[in-house]
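J.: First the structure, which I've put down as C-alpha cells, then a few questions once you've had a look.
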Amino acid sequence: MIHTEKLTKQFGNFTAVEELTLDVAPGELFALLGPNGAGKTTTVRMLACLIGPTSGKATVVGRPLVEGCDEIRARVGLLTEAPGLYEQLSAWQNLLIFANLYGVEKPEAQVEKYLRLLELWDRRNEPTGGFSKGMKQKVAIARALLHEPELLFLDEPTSGLDPSAAKVVRDFLAELKQSGRTILLTTHNLDEAERLADRIGVLNRRLIALDTPEQLRRRLFGRHTLVRLAAPEPALAEIACGVAGVQKVTWNASTLVVSLNDPDVENPALIAALVGAGARIQAVTEERATLEQIYLQLIGEEGE
Amino acid sequence: MNQRRIKTIIGKEWAETIRNKTITGTFAMLLVVFTLMPLGFAFGMPLLIGDEITKDPDVEMLNELLVEMFPQFAALSIIEQFQVFMLRQFLPMFLLVPIMGAMSIATYSIIGEKTSRSLEALLATPIRTDELLLAKSIAAALPSVGATWGAFLVFALASRLLGGAEVARYAIDSAAWSMILLITPLVAFLGLGLGVIVSSRVNDARSAQQLGGVLVLPIVGLMVGQTAGLFLLGVPLVIIGAVVLFLIDLAVMAIGVSLFNREAILTRWK
C-alpha cells in the first residue's frame with residue numbers, strides 16, 4: 001500500500017526526513033513514533049501528496065508520488081493534526097463540502113452515514129465552532145473517511161484531547177482497523193501505538209527502528225522470567241544456569257531474574273528444575289519492557 | 001478544471017462570507033454611503049444653499065472647465081451644471097467598492113483558512129490549486145462587481161429622477177458607463193490578487209486591510225485630480241486606464257499564482 005525508497009525531504013539546508021525506506025502492507029496499522037521535529041508530519045505530508053520529496057521515490061496506493069498525486073489524493077484520507085474545520089459552518093455543511101470535493105457519488109447519504117456512525121447526527125446543524133475538541137476531532141475523522149479511502153493517514157489523532165475524548169477516538173480507530181483499512185498513524189502516545197499498531201517505526205529524521213512492538217522488545221531487552229521465591233537460595237541460581245536456553249541469572253531480593261532465549265519453550269524446564277531442587281516458588285511472571293522503555297532507549301541511542 | 005469542485009468552494013466561501021458581519025457590514029455601509037453621498041451633494045446642497053452656490057468662485061471655475069470640455073454644457077442652468085459636476089466628481093468612488101470588497105473577502109477567506117488551519121485538509125483533497133484560486137477569485141470578485149453595478153444602477157436612476165434627463169445624460173455619460181463596466185472588474189481582480197499576496201505574508205485580517213489601504217490612494221488621486229481641474233473623466237482616459245490596469249492585473253495575478261501552490265502554502269506561508 002505504501003512503499004518508499006530513500007525518501008528525503010530538505011527545507012533549505014535542513015533535512016527534515018532522511019532516506020526513509022519502508023513498506024506498509026494492505027490492512028496494516030502502522031504507527032510512526034518520534035519526538036517533536038522528527039519528521040513525522042513531513043513524512044505524512046509527502047505521502048499524502050501535499051509536499052514533494054527532495055529525493056528518493058515512493059508509491060502510495062500503487063501510484064508514484066508526484067506523477068500520480070491527483071489519483072493518490074482521491075484515494076487516501078488525511079486527518080490533520082488540527083481538526084481545521086470551518087467553524088462558522090455546521091458539521092453537515094463542513095462534511096458536504098468535502099464530500100463534493102472528493103467527488104462522492106451520493107454526498108448527502110455519505111455525510112449522513114458518518115454523522116450517525118460518529119454520533120453527531122443530532123447536532124449536525126450546529127456551527128462546529130461550538131463543539132468540544134472531541135466532537136471537532138470526530139467531524140475531522142468523518143471528513144477523512146467520506147470518500148471511503150483505501151489508505152488513511154492519521155496525524156496525531158488524539159493530540160490535545162482529554163482522556164475520555166481520546167478513548168472515543170482510539171476505540172473508533174480500533175474499529176477502523178478491524179474493518180481492514182490500511183492506516184498510517186503518527187503519534188507521541190506510546191500506549192496508543194502499542195494497543196493499535198501492527199508495526200511501529202521509530203523516526204528521528206531517519207528511521208531508527210522498524211518492527212512489531214513484540215520484536216522491538218525482544219531485540220532491545222530480551223525476555224526475562226521472574227521467579228519469586230519464599231526466600232533467596234543461592235544454590236538455585238546454579239540450578240537455573242544449567243537449564244538449556246538460559247543465558248543469565250541474577251537475584252533481585254528473593255526473586256530470581258532469568259534471561260532466556262525463548263521463555264515460551266524454556267520456562268517449563270526451568271520451573272521443573274527449580275521445583276525438583278526444592279525451590280518454594282510463590283509466583284512466576286514475565287518481565288516485559290514497556291514501549292516507553294523501548295522508545296527512550298532508541299531515541300537515547302540515536303542521540304549518543 | 002472540475003466545475004463541481006469550483007462550485008463547491010464558491011458556495012463555501014459565500015456561506016462563510018454571509019456569516020462574517022465585519023465584511024457584510026462594511027460592504028453594505030460602503031455601498032450606501034457611496035451611492036447616497038454624491039446624490040446628497042449634487043441635489044441636497046442646492047436646496048440648502050440656494051442661489052449662493054452659483055456665486056462660489058470655485059464652482060464658477062469648475063463649471064467653466066466643464067463648458068470648455070463639453071461646450072453643450074452651456075445650455076444647462078448654473079445649478080444643473082453644478083449638479084453634473086458633483087455627480088461626475090464622485091464617480092471614481094464607485095471603484096472603491098470592488099477593490100475594497102474583493103480584497104476584504106479574499107484576505108478574510110485566506111487568513112481565515114490559515115488561522116483555523118483548514119487549508120491542509122482542503123489541500124489534501126483532489127482539488128487543484130488553480131481550481132482553488134479560481135474559485136476563491138470568483139467568490140470574491142462576483143459579489144464586489146455585482147454590488148458595484150447594482151449600486152451604480154440605483155445611482156443612475158436616482159440621478160435621472162432627481163436631476164432630470166439632461167443632468168443624467170451629462171453626468172452619467174458613456175465615460176461613466178465604460179468606467180463602471182470596464183474598470184470595475186479590473187480593480188476587483190487587482191484587489192483580490194493583492195489580497196492573495198498580502199494574505200500569504202500576514203496572519204491577521206486587520207494587518208492585511210491596513211496594507212490594502214494604500215490601494216485606495218490612486219482612486220482618491222483620481223477624485224482630487226478632477227476637483228483640481230487637472231482632467232475630467234472621458235472615454236479615452238477610461239480606455240488607457242483599463243489597459244494599464246489589465247497589465248497590472250496580469251502581473252499581480254502571476255505573483256499570486258506563484259505563491260499559491262500546496263508546498264508554499266503549507267511550508268512557507270507565515
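Just remember, in the C-alpha cells the first chain shown is A, the second B, etc., residues are 1-based per chain, and ligands are 1-based in the order shown.
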Need the shell around Ile248 of chain B: protein/DNA/RNA residues with any atom at most 12 Å away, counting only C-alpha atoms. Skip same-chain ones fewer than 3 positions apart. Format as an MDAnalysis selection string?
T.: chainID B and resid 186:187 189:191 193:194 241:245 251:255
J.: Could you please write out, as a PyMOL selection string, every residue of segment 32-230 of chain B that DSSP assigns to alpha helix (DSSP H)?
T.: chain B and resi 32-39+45-49+57-69+78-89+96-116+119-123+129-171+174-178+184-201+205-212+216-227
J.: Could the residues in this selection be written to a file with C-alpha atoms, as a CSV table (one decimal), in the first residue's frame?
T.:
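Contents of selection_19.csv, freshly written:
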```
chain,number,residue,atom,x,y,z
B,32,VAL,CA,-25.0,53.0,0.9
B,33,VAL,CA,-22.5,55.9,1.6
B,34,PHE,CA,-21.0,55.9,-1.9
B,35,THR,CA,-24.4,55.9,-3.5
B,36,LEU,CA,-26.1,58.4,-1.3
B,37,MET,CA,-23.2,60.9,-0.8
B,38,PRO,CA,-22.9,62.2,-4.4
B,39,LEU,CA,-26.7,62.4,-4.6
B,45,MET,CA,-26.6,71.3,-1.4
B,46,PRO,CA,-28.5,73.5,-4.0
B,47,LEU,CA,-31.6,73.0,-1.9
B,48,LEU,CA,-29.8,74.1,1.3
B,49,ILE,CA,-27.7,76.9,0.0
B,57,PRO,CA,-15.7,81.3,-7.4
B,58,ASP,CA,-14.6,77.6,-7.3
B,59,VAL,CA,-17.9,76.4,-8.6
B,60,GLU,CA,-17.7,79.0,-11.3
B,61,MET,CA,-14.2,78.0,-12.3
B,62,LEU,CA,-15.1,74.3,-12.4
B,63,ASN,CA,-18.3,75.0,-14.4
B,64,GLU,CA,-16.1,77.0,-16.9
B,65,LEU,CA,-13.8,74.0,-17.2
B,66,LEU,CA,-16.8,71.7,-17.9
B,67,VAL,CA,-18.1,74.0,-20.5
B,68,GLU,CA,-14.7,74.2,-22.1
B,69,MET,CA,-14.5,70.4,-22.3
B,78,ILE,CA,-25.8,77.0,-13.4
B,79,ILE,CA,-27.4,74.8,-10.8
B,80,GLU,CA,-27.6,71.9,-13.3
B,81,GLN,CA,-24.0,72.4,-14.2
B,82,PHE,CA,-23.2,72.2,-10.5
B,83,GLN,CA,-25.2,69.0,-10.2
B,84,VAL,CA,-23.5,67.5,-13.2
B,85,PHE,CA,-20.1,68.4,-11.9
B,86,MET,CA,-20.8,67.0,-8.4
B,87,LEU,CA,-22.2,63.7,-9.8
B,88,ARG,CA,-19.2,63.2,-12.0
B,89,GLN,CA,-16.9,64.2,-9.3
B,96,LEU,CA,-13.5,51.8,-4.1
B,97,VAL,CA,-16.3,49.2,-3.6
B,98,PRO,CA,-14.9,46.5,-5.8
B,99,ILE,CA,-11.3,47.0,-4.8
B,100,MET,CA,-12.1,47.1,-1.1
B,101,GLY,CA,-14.8,44.4,-1.3
B,102,ALA,CA,-12.8,41.9,-3.3
B,103,MET,CA,-9.7,42.5,-1.2
B,104,SER,CA,-11.6,42.1,2.1
B,105,ILE,CA,-13.3,38.9,1.0
B,106,ALA,CA,-10.1,37.4,-0.3
B,107,THR,CA,-8.0,38.3,2.7
B,108,TYR,CA,-10.6,37.2,5.2
B,109,SER,CA,-11.0,33.9,3.3
B,110,ILE,CA,-7.3,33.0,3.1
B,111,ILE,CA,-6.3,34.4,6.5
B,112,GLY,CA,-9.4,32.6,8.0
B,113,GLU,CA,-8.3,29.3,6.5
B,114,LYS,CA,-4.8,29.9,7.9
B,115,THR,CA,-5.9,30.7,11.4
B,116,SER,CA,-8.4,27.9,11.5
B,119,LEU,CA,-6.1,24.7,4.4
B,120,GLU,CA,-4.2,21.5,4.9
B,121,ALA,CA,-7.4,19.3,4.9
B,122,LEU,CA,-8.6,21.3,1.8
B,123,LEU,CA,-5.3,20.8,0.0
B,129,THR,CA,-4.5,24.8,-6.7
B,130,ASP,CA,-5.6,26.6,-9.9
B,131,GLU,CA,-9.2,25.5,-9.3
B,132,LEU,CA,-9.0,26.7,-5.7
B,133,LEU,CA,-7.5,30.1,-6.6
B,134,LEU,CA,-10.1,30.5,-9.4
B,135,ALA,CA,-13.0,29.6,-7.1
B,136,LYS,CA,-11.7,32.0,-4.4
B,137,SER,CA,-11.3,34.7,-7.0
B,138,ILE,CA,-14.8,34.3,-8.4
B,139,ALA,CA,-16.2,34.1,-4.9
B,140,ALA,CA,-14.5,37.4,-4.0
B,141,ALA,CA,-14.9,39.2,-7.3
B,142,LEU,CA,-18.6,38.4,-8.2
B,143,PRO,CA,-20.3,40.0,-5.2
B,144,SER,CA,-18.0,43.0,-5.3
B,145,VAL,CA,-18.6,43.7,-9.0
B,146,GLY,CA,-22.3,42.8,-8.9
B,147,ALA,CA,-22.8,45.1,-5.9
B,148,THR,CA,-21.0,47.9,-7.5
B,149,TRP,CA,-23.0,47.6,-10.7
B,150,GLY,CA,-26.2,47.4,-8.7
B,151,ALA,CA,-25.3,50.5,-6.6
B,152,PHE,CA,-24.4,52.4,-9.8
B,153,LEU,CA,-27.7,51.5,-11.4
B,154,VAL,CA,-29.5,52.9,-8.3
B,155,PHE,CA,-27.3,56.0,-8.5
B,156,ALA,CA,-28.1,56.4,-12.2
B,157,LEU,CA,-31.8,56.0,-11.8
B,158,ALA,CA,-31.8,58.4,-8.8
B,159,SER,CA,-29.8,61.0,-10.7
B,160,ARG,CA,-32.4,60.7,-13.6
B,161,LEU,CA,-35.3,61.1,-11.2
B,162,LEU,CA,-33.9,63.9,-9.1
B,163,GLY,CA,-32.0,65.8,-11.8
B,164,GLY,CA,-34.0,65.2,-14.9
B,165,ALA,CA,-32.9,63.8,-18.3
B,166,GLU,CA,-30.3,66.4,-19.2
B,167,VAL,CA,-28.4,66.3,-15.9
B,168,ALA,CA,-28.4,62.5,-16.0
B,169,ARG,CA,-27.3,62.4,-19.6
B,170,TYR,CA,-24.2,64.6,-19.0
B,171,ALA,CA,-23.4,63.3,-15.5
B,174,SER,CA,-20.6,56.9,-21.9
B,175,ALA,CA,-17.3,57.7,-20.0
B,176,ALA,CA,-19.1,56.9,-16.7
B,177,TRP,CA,-20.7,53.7,-18.0
B,178,SER,CA,-17.5,52.5,-19.6
B,184,THR,CA,-14.9,47.7,-12.0
B,185,PRO,CA,-13.9,44.1,-12.8
B,186,LEU,CA,-10.3,45.0,-13.4
B,187,VAL,CA,-10.0,46.8,-10.0
B,188,ALA,CA,-11.8,43.9,-8.3
B,189,PHE,CA,-9.2,41.4,-9.7
B,190,LEU,CA,-6.5,43.8,-8.7
B,191,GLY,CA,-7.9,43.8,-5.2
B,192,LEU,CA,-8.1,40.1,-4.9
B,193,GLY,CA,-4.7,39.5,-6.4
B,194,LEU,CA,-3.2,41.8,-3.9
B,195,GLY,CA,-5.4,40.2,-1.2
B,196,VAL,CA,-3.8,36.8,-2.0
B,197,ILE,CA,-0.3,38.3,-1.9
B,198,VAL,CA,-0.9,40.1,1.3
B,199,SER,CA,-2.6,37.1,2.9
B,200,SER,CA,0.4,34.9,2.3
B,201,ARG,CA,2.5,37.2,4.4
B,205,ALA,CA,-7.0,40.3,8.6
B,206,ARG,CA,-6.6,43.8,10.1
B,207,SER,CA,-2.9,43.9,9.1
B,208,ALA,CA,-4.0,42.9,5.6
B,209,GLN,CA,-6.6,45.6,5.5
B,210,GLN,CA,-4.1,48.2,6.6
B,211,LEU,CA,-1.6,47.1,3.9
B,212,GLY,CA,-4.5,47.1,1.4
B,216,VAL,CA,-7.4,53.4,-2.4
B,217,LEU,CA,-4.8,56.1,-2.9
B,218,PRO,CA,-4.8,56.1,-6.8
B,219,ILE,CA,-8.6,56.3,-6.7
B,220,VAL,CA,-8.5,59.2,-4.3
B,221,GLY,CA,-5.9,60.7,-6.6
B,222,LEU,CA,-8.5,60.4,-9.5
B,223,MET,CA,-11.0,62.4,-7.4
B,224,VAL,CA,-8.5,65.0,-6.3
B,225,GLY,CA,-7.3,65.4,-9.9
B,226,GLN,CA,-10.8,66.0,-11.1
B,227,THR,CA,-11.5,68.5,-8.4
```
J.: Mind pulling up the distance from atom CA of Thr212 of chain A to atom CA of Val249 of chain A?
T.: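 Those two atoms sit 26.9 Å apart.
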J.: Can you tell me which residues surround Leu291 of chain A at a distance of at most 10 Å, considering only C-alpha atoms, apart from same-chain residues fewer than 3 positions away, and format the answer as a list in words?
T.: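 Selected residues are Asn189, Leu190, Asp191, Ala193, Glu194, Pro213, Glu214, Leu216, Arg217, Arg288, Ile294, Tyr295, Leu296 and Gln297 of chain A.
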J.: Please, which residues in chain A fall within 8 Å of chain B when counting only C-alpha atoms, and what is the closest atom pair and distance in Å to one decimal for each, ordered by chain then residue number, as JSON lines?
T.:
```
{"residue": "A:Ala48", "atom": "CA", "partner": "B:Ala124", "partner_atom": "CA", "distance": 6.8}
{"residue": "A:Cys49", "atom": "CA", "partner": "B:Ala124", "partner_atom": "CA", "distance": 7.3}
{"residue": "A:Leu50", "atom": "CA", "partner": "B:Arg262", "partner_atom": "CA", "distance": 6.0}
{"residue": "A:Ile51", "atom": "CA", "partner": "B:Glu263", "partner_atom": "CA", "distance": 4.9}
{"residue": "A:Gly52", "atom": "CA", "partner": "B:Glu263", "partner_atom": "CA", "distance": 7.4}
{"residue": "A:Asp70", "atom": "CA", "partner": "B:Pro126", "partner_atom": "CA", "distance": 5.9}
{"residue": "A:Glu71", "atom": "CA", "partner": "B:Pro126", "partner_atom": "CA", "distance": 7.6}
{"residue": "A:Arg73", "atom": "CA", "partner": "B:Pro126", "partner_atom": "CA", "distance": 5.2}
{"residue": "A:Ala74", "atom": "CA", "partner": "B:Pro126", "partner_atom": "CA", "distance": 5.3}
{"residue": "A:Gly77", "atom": "CA", "partner": "B:Ala124", "partner_atom": "CA", "distance": 7.8}
{"residue": "A:Leu78", "atom": "CA", "partner": "B:Ala124", "partner_atom": "CA", "distance": 6.8}
{"residue": "A:Leu79", "atom": "CA", "partner": "B:Ala121", "partner_atom": "CA", "distance": 7.4}
{"residue": "A:Thr80", "atom": "CA", "partner": "B:Ala121", "partner_atom": "CA", "distance": 6.5}
{"residue": "A:Ala82", "atom": "CA", "partner": "B:Arg117", "partner_atom": "CA", "distance": 6.7}
{"residue": "A:Pro83", "atom": "CA", "partner": "B:Ser118", "partner_atom": "CA", "distance": 7.4}
{"residue": "A:Gly84", "atom": "CA", "partner": "B:Ser118", "partner_atom": "CA", "distance": 3.8}
{"residue": "A:Leu85", "atom": "CA", "partner": "B:Ser118", "partner_atom": "CA", "distance": 5.7}
{"residue": "A:Tyr86", "atom": "CA", "partner": "B:Ser118", "partner_atom": "CA", "distance": 6.9}
{"residue": "A:Glu87", "atom": "CA", "partner": "B:Ser116", "partner_atom": "CA", "distance": 7.9}
{"residue": "A:Gln88", "atom": "CA", "partner": "B:Glu16", "partner_atom": "CA", "distance": 6.6}
{"residue": "A:Leu89", "atom": "CA", "partner": "B:Glu16", "partner_atom": "CA", "distance": 7.1}
{"residue": "A:Ile97", "atom": "CA", "partner": "B:Thr8", "partner_atom": "CA", "distance": 6.2}
{"residue": "A:Phe98", "atom": "CA", "partner": "B:Thr125", "partner_atom": "CA", "distance": 7.7}
{"residue": "A:Asn100", "atom": "CA", "partner": "B:Arg5", "partner_atom": "CA", "distance": 6.6}
{"residue": "A:Leu101", "atom": "CA", "partner": "B:Arg5", "partner_atom": "CA", "distance": 5.1}
{"residue": "A:Tyr102", "atom": "CA", "partner": "B:Thr125", "partner_atom": "CA", "distance": 6.2}
{"residue": "A:Gly103", "atom": "CA", "partner": "B:Arg4", "partner_atom": "CA", "distance": 7.9}
```
J.: Given only C-alpha atoms as the basis, pick out the residue of A:Asn13, A:Gln215, A:Thr128, A:Ser254 nearest to Ala231 of chain A.
T.: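 Counting only C-alpha atoms, the residue closest to Ala231 of chain A is A:Ser254.
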J.: Using backbone DSSP assignments, extract all strand (DSSP E or B) residues from segment 15-262 of chain A; output them as a PyMOL selection string.
T.: chain A and resi 15-24+29-33+55-60+63-64+76-79+90+127+151-155+182-187+199-204+206-211+223-229+246-252+255-260
J.: Take the residues just selected and output them with C-alpha atoms as a PDB file, in the first residue's frame.
T.:
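Saved file selection-v3.pdb follows:
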```
ATOM      1  CA  THR A  15      16.946  17.778   6.428  1.00  0.00           C
ATOM      2  CA  ALA A  16      13.501  17.008   7.828  1.00  0.00           C
ATOM      3  CA  VAL A  17      13.358  13.373   6.657  1.00  0.00           C
ATOM      4  CA  GLU A  18      16.427  11.438   5.579  1.00  0.00           C
ATOM      5  CA  GLU A  19      16.413   8.365   3.334  1.00  0.00           C
ATOM      6  CA  LEU A  20      13.221   6.830   4.678  1.00  0.00           C
ATOM      7  CA  THR A  21      12.689   3.314   3.374  1.00  0.00           C
ATOM      8  CA  LEU A  22       9.610   1.395   4.468  1.00  0.00           C
ATOM      9  CA  ASP A  23       6.711  -0.734   3.295  1.00  0.00           C
ATOM     10  CA  VAL A  24       3.213  -0.745   4.710  1.00  0.00           C
ATOM     11  CA  LEU A  29      -1.977  -0.302  11.003  1.00  0.00           C
ATOM     12  CA  PHE A  30       1.473   1.206  11.044  1.00  0.00           C
ATOM     13  CA  ALA A  31       2.482   3.683  13.750  1.00  0.00           C
ATOM     14  CA  LEU A  32       5.212   6.233  13.221  1.00  0.00           C
ATOM     15  CA  LEU A  33       6.688   7.309  16.544  1.00  0.00           C
ATOM     16  CA  SER A  55      14.923  12.906  -3.420  1.00  0.00           C
ATOM     17  CA  GLY A  56      14.077   9.229  -3.259  1.00  0.00           C
ATOM     18  CA  LYS A  57      10.942   7.594  -4.564  1.00  0.00           C
ATOM     19  CA  ALA A  58       7.698   6.198  -3.271  1.00  0.00           C
ATOM     20  CA  THR A  59       4.460   4.646  -4.356  1.00  0.00           C
ATOM     21  CA  VAL A  60       1.214   5.159  -2.468  1.00  0.00           C
ATOM     22  CA  ARG A  63       0.749   5.185  -7.756  1.00  0.00           C
ATOM     23  CA  PRO A  64       4.098   7.008  -7.846  1.00  0.00           C
ATOM     24  CA  VAL A  76      -6.277   8.441   0.518  1.00  0.00           C
ATOM     25  CA  GLY A  77      -7.767  10.190   3.543  1.00  0.00           C
ATOM     26  CA  LEU A  78      -5.892  12.563   5.824  1.00  0.00           C
ATOM     27  CA  LEU A  79      -6.704  13.506   9.381  1.00  0.00           C
ATOM     28  CA  SER A  90     -22.328  23.300  10.647  1.00  0.00           C
ATOM     29  CA  PRO A 127     -21.857  25.543  13.914  1.00  0.00           C
ATOM     30  CA  LEU A 151      -5.414   4.306   2.972  1.00  0.00           C
ATOM     31  CA  LEU A 152      -5.839   6.629   5.910  1.00  0.00           C
ATOM     32  CA  PHE A 153      -3.177   8.963   7.307  1.00  0.00           C
ATOM     33  CA  LEU A 154      -3.817   9.986  10.897  1.00  0.00           C
ATOM     34  CA  ASP A 155      -1.524  12.728  12.151  1.00  0.00           C
ATOM     35  CA  THR A 182      -4.749   0.441   5.895  1.00  0.00           C
ATOM     36  CA  ILE A 183      -3.772   3.113   8.397  1.00  0.00           C
ATOM     37  CA  LEU A 184      -0.592   5.084   8.948  1.00  0.00           C
ATOM     38  CA  LEU A 185      -0.707   6.738  12.340  1.00  0.00           C
ATOM     39  CA  THR A 186       1.731   9.264  13.765  1.00  0.00           C
ATOM     40  CA  THR A 187       1.674   9.664  17.494  1.00  0.00           C
ATOM     41  CA  ARG A 199       4.156  -2.479  13.416  1.00  0.00           C
ATOM     42  CA  ILE A 200       5.991   0.540  14.698  1.00  0.00           C
ATOM     43  CA  GLY A 201       8.547   2.746  13.020  1.00  0.00           C
ATOM     44  CA  VAL A 202      10.639   4.996  15.234  1.00  0.00           C
ATOM     45  CA  LEU A 203      11.603   8.097  13.323  1.00  0.00           C
ATOM     46  CA  ASN A 204      14.127  10.714  14.284  1.00  0.00           C
ATOM     47  CA  ARG A 206      15.685   8.893   9.723  1.00  0.00           C
ATOM     48  CA  LEU A 207      14.073   5.593  10.563  1.00  0.00           C
ATOM     49  CA  ILE A 208      15.923   4.165  13.556  1.00  0.00           C
ATOM     50  CA  ALA A 209      13.794   1.081  14.199  1.00  0.00           C
ATOM     51  CA  LEU A 210      11.022  -0.770  12.436  1.00  0.00           C
ATOM     52  CA  ASP A 211       9.272  -3.850  13.750  1.00  0.00           C
ATOM     53  CA  ARG A 223      12.876 -11.654  27.676  1.00  0.00           C
ATOM     54  CA  HIS A 224      13.138 -12.335  31.369  1.00  0.00           C
ATOM     55  CA  THR A 225      11.333 -14.792  33.573  1.00  0.00           C
ATOM     56  CA  LEU A 226      10.902 -13.682  37.183  1.00  0.00           C
ATOM     57  CA  VAL A 227      10.690 -16.485  39.756  1.00  0.00           C
ATOM     58  CA  ARG A 228       9.621 -15.173  43.174  1.00  0.00           C
ATOM     59  CA  LEU A 229      10.749 -17.463  45.964  1.00  0.00           C
ATOM     60  CA  VAL A 246      19.222 -19.837  29.968  1.00  0.00           C
ATOM     61  CA  GLN A 247      21.625 -17.030  29.251  1.00  0.00           C
ATOM     62  CA  LYS A 248      21.916 -15.181  32.522  1.00  0.00           C
ATOM     63  CA  VAL A 249      20.620 -15.450  36.075  1.00  0.00           C
ATOM     64  CA  THR A 250      20.580 -12.652  38.663  1.00  0.00           C
ATOM     65  CA  TRP A 251      18.965 -12.092  42.007  1.00  0.00           C
ATOM     66  CA  ASN A 252      16.632  -9.233  42.843  1.00  0.00           C
ATOM     67  CA  THR A 255      13.333 -13.039  43.030  1.00  0.00           C
ATOM     68  CA  LEU A 256      15.382 -14.952  40.509  1.00  0.00           C
ATOM     69  CA  VAL A 257      15.668 -13.000  37.240  1.00  0.00           C
ATOM     70  CA  VAL A 258      16.361 -15.447  34.393  1.00  0.00           C
ATOM     71  CA  SER A 259      17.216 -14.333  30.835  1.00  0.00           C
ATOM     72  CA  LEU A 260      16.097 -16.927  28.288  1.00  0.00           C
TER      73      LEU A 260
END
```
J.: If you count only C-alpha atoms, which residues fall within 12 Å of Ala269 of chain A, apart from same-chain ones fewer than 3 positions away, as a list in words?
T.: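 So the residues in contact are Ile239, Ala240, Cys241, Gly242, Val243, Ala244, Gly245, Val246, Leu260, Asp262, Pro263, Asp264, Val265, Glu266, Ala272, Ala273, Leu274, Val275 and Gly276 of chain A.
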J.: What is the distance between atom CA of Arg205 of chain A and atom CA of Gly39 of chain A, in Å to one decimal?
T.: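 Between atom CA of Arg205 of chain A and atom CA of Gly39 of chain A the gap works out to 5.3 Å.
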J.: Could you jot down the atom CA of Ala197 of chain A to atom CA of Glu28 of chain A separation for me, Å, one decimal place?
T.: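 Going from atom CA of Ala197 of chain A over to atom CA of Glu28 of chain A covers 7.9 Å.
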J.: Identify which of the residues A:Asp171, A:Glu156, A:Glu192, A:Glu150 lies closest to Pro26 of chain A, counting only C-alpha atoms when measuring atom-to-atom distances.
T.: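 Looking only at the distances to Pro26 of chain A, the closest residue turns out to be A:Glu150.
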J.: With distances taken over only C-alpha atoms, which of A:Ala165, A:Ala38, A:Leu118, A:Ala283 is nearest to Ala142 of chain A?
T.: A:Leu118
J.: Just the residues within 9 Å of Arg170 of chain A, please, counting only C-alpha atoms, with nothing from its chain fewer than 3 positions along; format it as an MDAnalysis selection string.
T.: chainID A and resid 157:158 165:167 173:175 192 196
J.: Limited to N, CA and C atoms, could you put the picked residues into a file as a CSV table (one decimal), in the first residue's frame?
T.:
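So out25.csv came out as:
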```csv
chain,number,residue,atom,x,y,z
A,157,PRO,N,-3.8,11.8,16.1
A,157,PRO,CA,-5.3,11.8,16.2
A,157,PRO,C,-5.9,12.1,17.5
A,158,THR,N,-5.1,11.8,18.6
A,158,THR,CA,-5.6,12.1,19.9
A,158,THR,C,-4.9,13.3,20.6
A,165,ALA,N,-12.3,11.8,25.6
A,165,ALA,CA,-12.4,12.0,24.1
A,165,ALA,C,-11.4,11.2,23.4
A,166,ALA,N,-10.1,11.1,24.0
A,166,ALA,CA,-9.1,10.3,23.3
A,166,ALA,C,-9.5,8.8,23.2
A,167,LYS,N,-10.2,8.4,24.3
A,167,LYS,CA,-10.6,7.0,24.2
A,167,LYS,C,-11.7,6.7,23.1
A,173,LEU,N,-10.7,4.1,16.1
A,173,LEU,CA,-9.6,3.7,15.2
A,173,LEU,C,-9.5,2.2,15.3
A,174,ALA,N,-9.7,1.6,16.5
A,174,ALA,CA,-9.7,0.1,16.6
A,174,ALA,C,-10.7,-0.5,15.7
A,175,GLU,N,-11.9,0.1,15.6
A,175,GLU,CA,-13.0,-0.4,14.7
A,175,GLU,C,-12.6,-0.3,13.3
A,192,GLU,N,-1.0,4.2,22.9
A,192,GLU,CA,-1.9,4.2,21.8
A,192,GLU,C,-1.2,3.3,20.7
A,196,LEU,N,-2.7,-0.2,19.3
A,196,LEU,CA,-3.4,-0.3,17.9
A,196,LEU,C,-2.5,-0.8,16.8
```
